[in-house]
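Containing CSV, C-alpha atoms: my_file.csv.
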```csv
chain,number,residue,atom,x,y,z
A,1,ALA,CA,394.8,225.8,10.6
A,2,LYS,CA,392.2,225.4,13.3
A,3,GLY,CA,389.3,223.2,12.1
A,4,LYS,CA,385.7,224.1,12.6
A,5,GLU,CA,384.4,223.1,16.0
A,6,THR,CA,381.6,220.6,15.6
A,7,ARG,CA,379.3,218.6,17.9
A,8,ALA,CA,381.7,215.6,17.5
A,9,THR,CA,384.8,217.6,18.5
A,10,LYS,CA,383.0,219.1,21.5
A,11,LYS,CA,381.9,215.6,22.6
A,12,CYS,CA,385.4,214.3,22.3
A,13,ALA,CA,387.2,217.2,23.9
A,14,ASP,CA,387.6,215.6,27.3
A,15,VAL,CA,389.4,212.6,25.8
A,16,ALA,CA,391.4,214.4,23.1
A,17,VAL,CA,395.1,213.6,22.8
A,18,LYS,CA,397.2,216.8,22.6
A,19,ASP,CA,400.5,215.1,21.8
A,20,LEU,CA,401.0,212.1,19.5
A,21,PRO,CA,402.1,209.2,21.7
A,22,GLY,CA,405.3,207.3,21.0
A,23,LEU,CA,405.4,203.8,19.7
A,24,ILE,CA,406.0,202.3,23.2
A,25,GLU,CA,403.1,204.2,24.7
A,26,PHE,CA,400.8,203.2,21.8
A,27,LEU,CA,401.8,199.5,22.1
A,28,GLY,CA,401.4,199.6,25.8
A,29,TYR,CA,397.8,200.9,25.4
A,30,THR,CA,397.0,198.4,22.7
A,31,PHE,CA,398.3,195.3,24.6
A,32,ASN,CA,397.8,196.2,28.2
A,33,PHE,CA,396.4,193.3,30.1
A,34,SER,CA,393.1,194.9,31.1
A,35,THR,CA,391.9,195.7,27.5
A,36,ILE,CA,393.5,193.2,25.1
A,37,LEU,CA,391.3,190.3,26.2
A,38,ALA,CA,388.0,192.2,26.2
A,39,GLY,CA,388.2,195.0,23.7
A,40,PRO,CA,389.0,198.8,24.2
A,41,SER,CA,387.8,199.4,27.7
A,42,PHE,CA,388.7,203.1,27.7
A,43,GLU,CA,390.2,205.9,25.6
A,44,TYR,CA,394.0,206.4,25.3
A,45,LYS,CA,393.9,209.6,27.4
A,46,ILE,CA,392.4,207.7,30.3
A,47,TYR,CA,395.1,205.0,30.0
A,48,ALA,CA,397.9,207.6,29.8
A,49,ASP,CA,396.6,209.6,32.8
A,50,ALA,CA,396.5,206.3,34.9
A,51,CYS,CA,400.1,205.5,33.8
A,52,ASP,CA,401.6,208.8,34.8
A,53,GLY,CA,399.3,209.4,37.8
A,54,THR,CA,397.6,212.5,36.3
A,55,ASN,CA,394.2,211.2,37.4
A,56,LEU,CA,395.4,211.1,41.1
A,57,TYR,CA,398.1,213.8,41.5
A,58,ASP,CA,398.6,217.4,40.4
A,59,LYS,CA,401.7,218.8,38.7
A,60,ASN,CA,403.4,219.2,42.1
A,61,GLY,CA,402.9,215.5,43.0
A,62,LYS,CA,400.2,216.3,45.6
A,63,PRO,CA,397.0,214.2,45.6
A,64,LYS,CA,394.0,216.0,44.0
A,65,GLY,CA,391.8,214.7,46.8
A,66,LYS,CA,391.5,211.7,49.2
A,67,ILE,CA,392.6,208.8,47.1
A,68,PRO,CA,390.0,206.0,47.6
A,69,SER,CA,391.0,202.3,48.1
A,70,GLN,CA,390.8,200.2,45.0
A,71,ILE,CA,390.2,196.9,46.9
A,72,LEU,CA,386.4,196.8,46.8
A,73,PRO,CA,386.2,198.2,43.2
A,74,THR,CA,388.6,195.4,42.2
A,75,LEU,CA,387.1,192.5,44.1
A,76,LYS,CA,383.4,193.2,43.4
A,77,PRO,CA,383.6,192.9,39.6
A,78,PHE,CA,386.1,190.0,39.9
A,79,ILE,CA,383.7,188.0,42.1
A,80,LEU,CA,380.8,188.8,39.9
A,81,SER,CA,382.9,187.7,36.8
A,82,ILE,CA,383.5,184.3,38.5
A,83,ILE,CA,379.8,183.9,39.2
A,84,CYS,CA,379.0,184.7,35.5
A,85,LEU,CA,381.6,182.3,34.3
A,86,GLY,CA,380.0,179.5,36.4
A,87,CYS,CA,376.5,180.4,35.0
A,88,PHE,CA,377.9,180.2,31.5
A,89,VAL,CA,379.6,176.9,31.9
A,90,VAL,CA,376.6,175.2,33.5
A,91,GLY,CA,373.9,177.0,31.5
A,92,ASN,CA,375.5,176.7,28.1
A,93,GLY,CA,376.2,173.0,28.8
A,94,LYS,CA,372.5,172.3,29.5
A,95,PHE,CA,371.0,174.6,26.9
A,96,PRO,CA,373.5,174.8,24.0
A,97,LEU,CA,372.7,176.9,20.9
A,98,LEU,CA,375.3,175.3,18.7
A,99,ASP,CA,376.3,171.6,18.6
A,100,PRO,CA,378.7,171.1,21.5
A,101,THR,CA,380.6,168.3,19.7
A,102,ASP,CA,381.6,170.4,16.7
A,103,PRO,CA,380.0,173.9,16.7
A,104,GLN,CA,381.8,175.0,13.5
A,105,ASN,CA,380.5,172.2,11.3
A,106,PHE,CA,377.6,170.3,12.8
A,107,THR,CA,374.0,171.7,12.5
A,108,PRO,CA,373.2,174.0,15.5
A,109,VAL,CA,370.9,172.4,18.1
A,110,VAL,CA,368.2,175.0,17.6
A,111,ILE,CA,367.6,174.3,13.9
A,112,THR,CA,367.9,170.5,13.9
A,113,GLU,CA,364.9,168.5,12.7
A,114,GLU,CA,364.3,167.0,16.2
A,115,PHE,CA,364.3,170.5,17.8
A,116,LEU,CA,362.0,171.9,15.2
A,117,LYS,CA,359.3,169.3,16.0
A,118,LYS,CA,358.8,170.9,19.4
A,119,PRO,CA,356.0,173.5,20.0
A,120,TRP,CA,357.1,177.0,19.0
A,121,LEU,CA,356.7,178.5,22.5
A,122,ASN,CA,359.0,175.8,23.8
A,123,ARG,CA,361.6,176.6,21.1
A,124,ILE,CA,361.5,180.4,21.6
A,125,ALA,CA,361.8,179.9,25.4
A,126,TYR,CA,364.8,177.6,24.9
A,127,CYS,CA,366.5,180.1,22.6
A,128,TRP,CA,365.8,182.9,25.0
A,129,PHE,CA,367.4,181.0,27.9
A,130,SER,CA,370.3,179.7,25.8
A,131,LEU,CA,371.1,183.3,24.7
A,132,PHE,CA,370.8,184.5,28.3
A,133,CYS,CA,373.5,181.9,29.3
A,134,ILE,CA,375.7,182.8,26.4
A,135,ARG,CA,375.6,186.5,27.6
A,136,MET,CA,377.3,185.3,30.8
A,137,LYS,CA,380.6,184.8,29.0
A,138,TYR,CA,380.6,188.4,27.9
A,139,TYR,CA,379.7,189.5,31.5
A,140,PHE,CA,382.6,187.4,32.7
A,141,ALA,CA,385.1,189.0,30.3
A,142,TRP,CA,384.0,192.6,30.9
A,143,LYS,CA,383.7,192.4,34.7
A,144,ASN,CA,387.1,190.6,34.9
A,145,ALA,CA,388.6,193.4,32.8
A,146,GLU,CA,386.9,196.0,35.0
A,147,GLY,CA,388.5,194.6,38.1
A,148,ALA,CA,391.9,194.4,36.3
A,149,SER,CA,391.6,198.0,35.4
A,150,ASN,CA,390.5,199.2,38.8
A,151,ILE,CA,393.4,197.6,40.6
A,152,TRP,CA,395.8,200.2,39.1
A,153,TYR,CA,393.2,203.0,39.1
A,154,ALA,CA,392.7,203.1,35.3
A,155,GLY,CA,389.0,202.7,36.1
A,156,PHE,CA,389.0,205.6,38.5
A,157,GLU,CA,387.4,208.8,37.1
A,158,GLY,CA,389.5,211.2,39.1
A,159,PHE,CA,388.3,214.1,41.3
A,160,ASP,CA,385.9,217.0,40.8
A,161,GLU,CA,386.9,220.7,41.4
A,162,ASN,CA,386.2,220.2,45.1
A,163,GLY,CA,388.5,217.3,45.4
A,164,ASN,CA,385.7,214.7,45.7
A,165,ALA,CA,386.1,211.3,44.0
A,166,LYS,CA,383.9,210.9,41.0
A,167,GLY,CA,383.7,207.1,40.8
A,168,TRP,CA,384.9,204.1,38.9
A,169,GLU,CA,383.0,204.3,35.6
A,170,ASN,CA,386.0,204.4,33.3
A,171,SER,CA,386.2,200.7,33.2
A,172,ASN,CA,382.6,199.7,33.6
A,173,ASN,CA,381.7,198.1,30.3
A,174,VAL,CA,378.2,196.7,31.1
A,175,ASP,CA,375.3,197.3,33.4
A,176,ILE,CA,374.0,193.8,33.8
A,177,VAL,CA,370.7,194.5,35.6
A,178,GLU,CA,369.9,197.6,33.4
A,179,PHE,CA,370.5,195.5,30.2
A,180,GLU,CA,368.5,192.6,31.3
A,181,THR,CA,365.5,194.8,32.3
A,182,ALA,CA,365.7,197.4,29.5
A,183,SER,CA,362.3,198.6,28.3
A,184,ASN,CA,363.7,199.8,25.0
A,185,VAL,CA,366.6,199.3,22.5
A,186,LYS,CA,368.2,202.6,23.4
A,187,THR,CA,368.5,201.8,27.1
A,188,LEU,CA,369.6,198.2,26.2
A,189,SER,CA,372.3,199.4,23.8
A,190,ALA,CA,373.6,202.0,26.3
A,191,ALA,CA,374.1,199.3,28.9
A,192,TRP,CA,375.8,196.8,26.7
A,193,ASN,CA,379.5,197.0,25.7
A,194,LYS,CA,379.4,200.6,26.9
A,195,LYS,CA,382.9,201.7,25.9
A,196,THR,CA,382.6,200.4,22.4
A,197,ALA,CA,379.2,202.0,22.1
A,198,ASN,CA,380.7,205.3,23.3
A,199,TRP,CA,383.5,204.9,20.6
A,200,LEU,CA,380.9,204.2,17.9
A,201,GLY,CA,378.8,207.2,19.1
A,202,ARG,CA,381.8,209.6,19.1
A,203,TYR,CA,383.6,208.5,15.9
A,204,VAL,CA,380.9,207.0,13.7
A,205,TYR,CA,377.4,208.1,14.6
A,206,MET,CA,378.0,211.8,15.1
A,207,ARG,CA,380.5,212.0,12.2
A,208,THR,CA,378.0,210.5,9.7
A,209,GLY,CA,375.1,212.7,10.6
A,210,GLY,CA,373.5,210.2,12.9
A,211,SER,CA,373.4,207.3,10.5
A,212,LEU,CA,372.3,204.1,12.2
A,213,VAL,CA,373.2,202.0,9.1
A,214,ALA,CA,376.8,203.3,9.1
A,215,THR,CA,377.1,202.9,12.9
A,216,TYR,CA,375.7,199.3,13.0
A,217,GLY,CA,377.6,198.5,9.8
A,218,MET,CA,380.9,199.6,11.4
A,219,SER,CA,380.0,197.5,14.5
A,220,ALA,CA,379.4,194.4,12.3
A,221,PHE,CA,382.7,195.0,10.4
A,222,TRP,CA,384.5,195.3,13.8
A,223,HIS,CA,383.1,191.9,14.9
A,224,GLY,CA,384.3,190.1,11.7
A,225,PHE,CA,383.0,188.7,8.5
A,226,TYR,CA,380.4,186.1,9.5
A,227,PRO,CA,377.2,186.8,7.6
A,228,GLY,CA,375.2,186.4,10.8
A,229,TYR,CA,376.9,189.5,12.2
A,230,TYR,CA,375.6,191.6,9.4
A,231,MET,CA,372.2,190.1,9.4
A,232,PHE,CA,371.8,191.0,13.1
A,233,PHE,CA,373.3,194.5,12.9
A,234,MET,CA,371.4,195.4,9.8
A,235,SER,CA,368.2,194.3,11.5
A,236,VAL,CA,368.7,196.4,14.6
A,237,PRO,CA,368.0,199.7,12.8
A,238,LEU,CA,364.5,198.4,12.1
A,239,LEU,CA,363.9,197.8,15.9
A,240,THR,CA,365.4,201.3,16.6
A,241,ALA,CA,363.1,202.9,14.1
A,242,CYS,CA,360.1,201.2,15.6
A,243,GLU,CA,361.2,202.2,19.1
A,244,ARG,CA,361.6,205.9,18.1
A,245,LEU,CA,358.2,205.9,16.5
A,246,GLY,CA,356.6,204.3,19.5
A,247,ARG,CA,358.3,206.7,21.9
A,248,LYS,CA,356.9,209.6,19.8
A,249,LYS,CA,353.3,208.4,19.2
A,250,ILE,CA,352.5,205.9,21.9
A,251,SER,CA,354.6,206.4,25.0
A,252,PRO,CA,353.3,209.9,25.8
A,253,LYS,CA,349.9,208.3,26.3
A,254,PHE,CA,351.2,206.3,29.3
A,255,SER,CA,353.1,206.9,32.5
A,256,SER,CA,356.9,207.2,32.2
A,257,ALA,CA,357.4,205.6,35.6
A,258,SER,CA,359.3,202.3,35.8
A,259,TRP,CA,357.6,198.9,36.4
A,260,THR,CA,354.1,200.1,35.4
A,261,SER,CA,352.0,197.8,33.3
A,262,TYR,CA,353.1,199.6,30.1
A,263,ASP,CA,356.8,199.5,31.1
A,264,ILE,CA,356.6,195.8,31.9
A,265,VAL,CA,355.1,195.1,28.5
A,266,CYS,CA,357.9,197.1,26.9
A,267,LYS,CA,360.5,195.2,28.8
A,268,VAL,CA,359.1,191.8,27.7
A,269,VAL,CA,358.6,192.9,24.1
A,270,THR,CA,362.1,194.4,23.9
A,271,SER,CA,363.7,191.2,25.4
A,272,ILE,CA,361.9,188.8,23.1
A,273,PHE,CA,362.5,190.8,19.9
A,274,VAL,CA,366.2,191.5,20.6
A,275,GLU,CA,366.7,187.8,21.5
A,276,TYR,CA,365.1,186.9,18.2
A,277,MET,CA,367.4,189.3,16.2
A,278,VAL,CA,370.6,188.3,18.0
A,279,LEU,CA,370.0,184.6,17.1
A,280,GLY,CA,371.5,185.4,13.7
A,281,PHE,CA,374.6,186.9,15.4
A,282,GLN,CA,375.2,183.7,17.4
A,283,LEU,CA,374.5,181.2,14.5
A,284,LEU,CA,377.1,183.0,12.4
A,285,ALA,CA,376.7,181.3,9.0
A,286,PHE,CA,374.2,182.7,6.5
A,287,ASP,CA,372.2,179.5,6.0
A,288,TRP,CA,372.2,178.8,9.8
A,289,ALA,CA,371.1,182.3,10.6
A,290,LEU,CA,368.4,182.3,7.9
A,291,ALA,CA,367.2,178.9,9.2
A,292,GLY,CA,367.1,180.3,12.7
A,293,TYR,CA,364.9,183.2,11.7
A,294,LYS,CA,362.8,181.0,9.6
A,295,SER,CA,362.2,178.5,12.5
A,296,HIS,CA,360.5,181.4,14.3
A,297,TYR,CA,358.6,182.4,11.2
A,298,PHE,CA,360.5,185.7,10.8
A,299,PHE,CA,358.1,187.2,13.4
A,300,GLY,CA,360.6,189.8,14.6
A,301,HIS,CA,361.1,191.3,11.2
A,302,ILE,CA,357.5,191.0,10.0
A,303,LEU,CA,355.9,192.4,13.2
A,304,SER,CA,358.4,195.2,13.3
A,305,ILE,CA,357.4,196.3,9.7
A,306,VAL,CA,353.7,195.9,10.5
A,307,PHE,CA,354.1,197.9,13.7
A,308,TYR,CA,356.0,200.7,11.9
A,309,LEU,CA,353.5,201.0,9.1
A,310,ALA,CA,350.5,200.9,11.5
A,311,VAL,CA,351.8,203.3,14.1
A,312,SER,CA,352.9,205.7,11.4
A,313,GLN,CA,349.2,206.3,10.8
A,314,ILE,CA,348.6,207.3,14.4
A,315,PRO,CA,348.6,211.1,14.9
A,316,SER,CA,351.2,212.4,17.3
A,317,PRO,CA,349.9,213.5,20.7
A,318,LYS,CA,349.8,217.3,21.1
A,319,LYS,CA,352.6,218.7,23.2
A,320,LYS,CA,351.4,220.0,26.6
A,321,GLU,CA,351.5,223.7,26.9
A,322,ALA,CA,353.8,225.0,29.6
```
Starting from the file, give its structure as structure tokens.
Amino acid sequence: AKGKETRATKKCADVAVKDLPGLIEFLGYTFNFSTILAGPSFEYKIYADACDGTNLYDKNGKPKGKIPSQILPTLKPFILSIICLGCFVVGNGKFPLLDPTDPQNFTPVVITEEFLKKPWLNRIAYCWFSLFCIRMKYYFAWKNAEGASNIWYAGFEGFDENGNAKGWENSNNVDIVEFETASNVKTLSAAWNKKTANWLGRYVYMRTGGSLVATYGMSAFWHGFYPGYYMFFMSVPLLTACERLGRKKISPKFSSASWTSYDIVCKVVTSIFVEYMVLGFQLLAFDWALAGYKSHYFFGHILSIVFYLAVSQIPSPKKKEA
């Protein structure tokens, strides 16, 4: 029987699998070199279309359009991945978050007695830069996987109805500049681990009635069982709720253009608060994560709650009449 068409089914229609793949095809998708080391870069249909050439040729074996060269789309992310790797090795060596000698057992650098004696501004700045350097290893993995996907056209989006090449977004898993300069959590989340975010949006968020708790809870479960993961992902909905409230009641009062004074303030606040929240994710253990938040006086959680309660009392701006 045909099921009821929902928003989720419509959203997933372009990546739906009509025929159940065989065991070999499934294992090929699961363990192919461009996704196994960096997570699910793309849907199975995209993988299958790249394998049989459907994204490039029609049923008669003729090109659907002028097939672009994969050299630049392969080399560009590869070179960028090497640069990110270098930044991670150097930066993480100079500004470690965990104890480099034994990160699993020794007290993390950022919650040692010696470190906590430093002024708070120095400590928060150190943590911000340390986490920035840690992100470089993720950029390395994703950009390396992007190049590995593009070399065999798995990252190629195909052609439009006029035979024009669409682009190479299938394998692009992170927009580095957009993430680092995001002025809100929504933009930041959309630029980070994009393919996993798409998967969570399609198969969790829309199928649970837009539940942020279910979505971030699934993301935490996908990462593993360290308490720090759950402390981080269960804190993100608080930031998201504040952002939505601010976008509804405060943002309409200011210009929506980029790099205005208001936008710059939003970028700085978003960066600082997200870095504070993600500290628990990186410290992993419950006592370490709690000590990390405590070392910064729980400012991210406390100010978010205060912001939400205060801004809730502000009347929403009247919608402009057309």
Taking all atoms listed in the file into account, which of A:Tyr47, A:Tyr308, A:Ala190, A:Val15 comes nearest Thr30 (chain A)?
-> A:Tyr47
Skipping near chain neighbours, those fewer than 5 positions away, what residues fall within 12 Å of Gly167 (chain A) using all atoms listed in the file, listed as number ranges by chain?
-> A: 55, 67-70, 73, 150, 153-160, 172
Save the residues we just selected, C-alpha atoms, as a compact mmCIF listing (two decimals), keeping the file's coordinate frame?
```txt
# COMPACT_ATOMS: atom_id res chain seq x y z
CA ASN A 55 394.20 211.20 37.40
CA ILE A 67 392.60 208.80 47.10
CA PRO A 68 390.00 206.00 47.60
CA SER A 69 391.00 202.30 48.10
CA GLN A 70 390.80 200.20 45.00
CA PRO A 73 386.20 198.20 43.20
CA ASN A 150 390.50 199.20 38.80
CA TYR A 153 393.20 203.00 39.10
CA ALA A 154 392.70 203.10 35.30
CA GLY A 155 389.00 202.70 36.10
CA PHE A 156 389.00 205.60 38.50
CA GLU A 157 387.40 208.80 37.10
CA GLY A 158 389.50 211.20 39.10
CA PHE A 159 388.30 214.10 41.30
CA ASP A 160 385.90 217.00 40.80
CA ASN A 172 382.60 199.70 33.60
```
Measuring atom to atom with only C-alpha atoms, identify which of A:Ser271, A:Asn184, A:Asn162, A:Gln313 is nearest to Ser251 (chain A).
-> A:Asn184
Surrounding residues of Asn144 (chain A) excluding itself and chain neighbours under 5 positions, 9 Å, all atoms listed in the file, as a VMD selection string | chain A and resid 34 38 74 77 to 82 139 149
Using all atoms listed in the file, find the one residue out of A:Glu275, A:Glu146, A:Asp58, A:Asp19 that sits nearest to Phe299 (chain A).
->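 Closest residue, counting all atoms listed in the file: A:Glu275.
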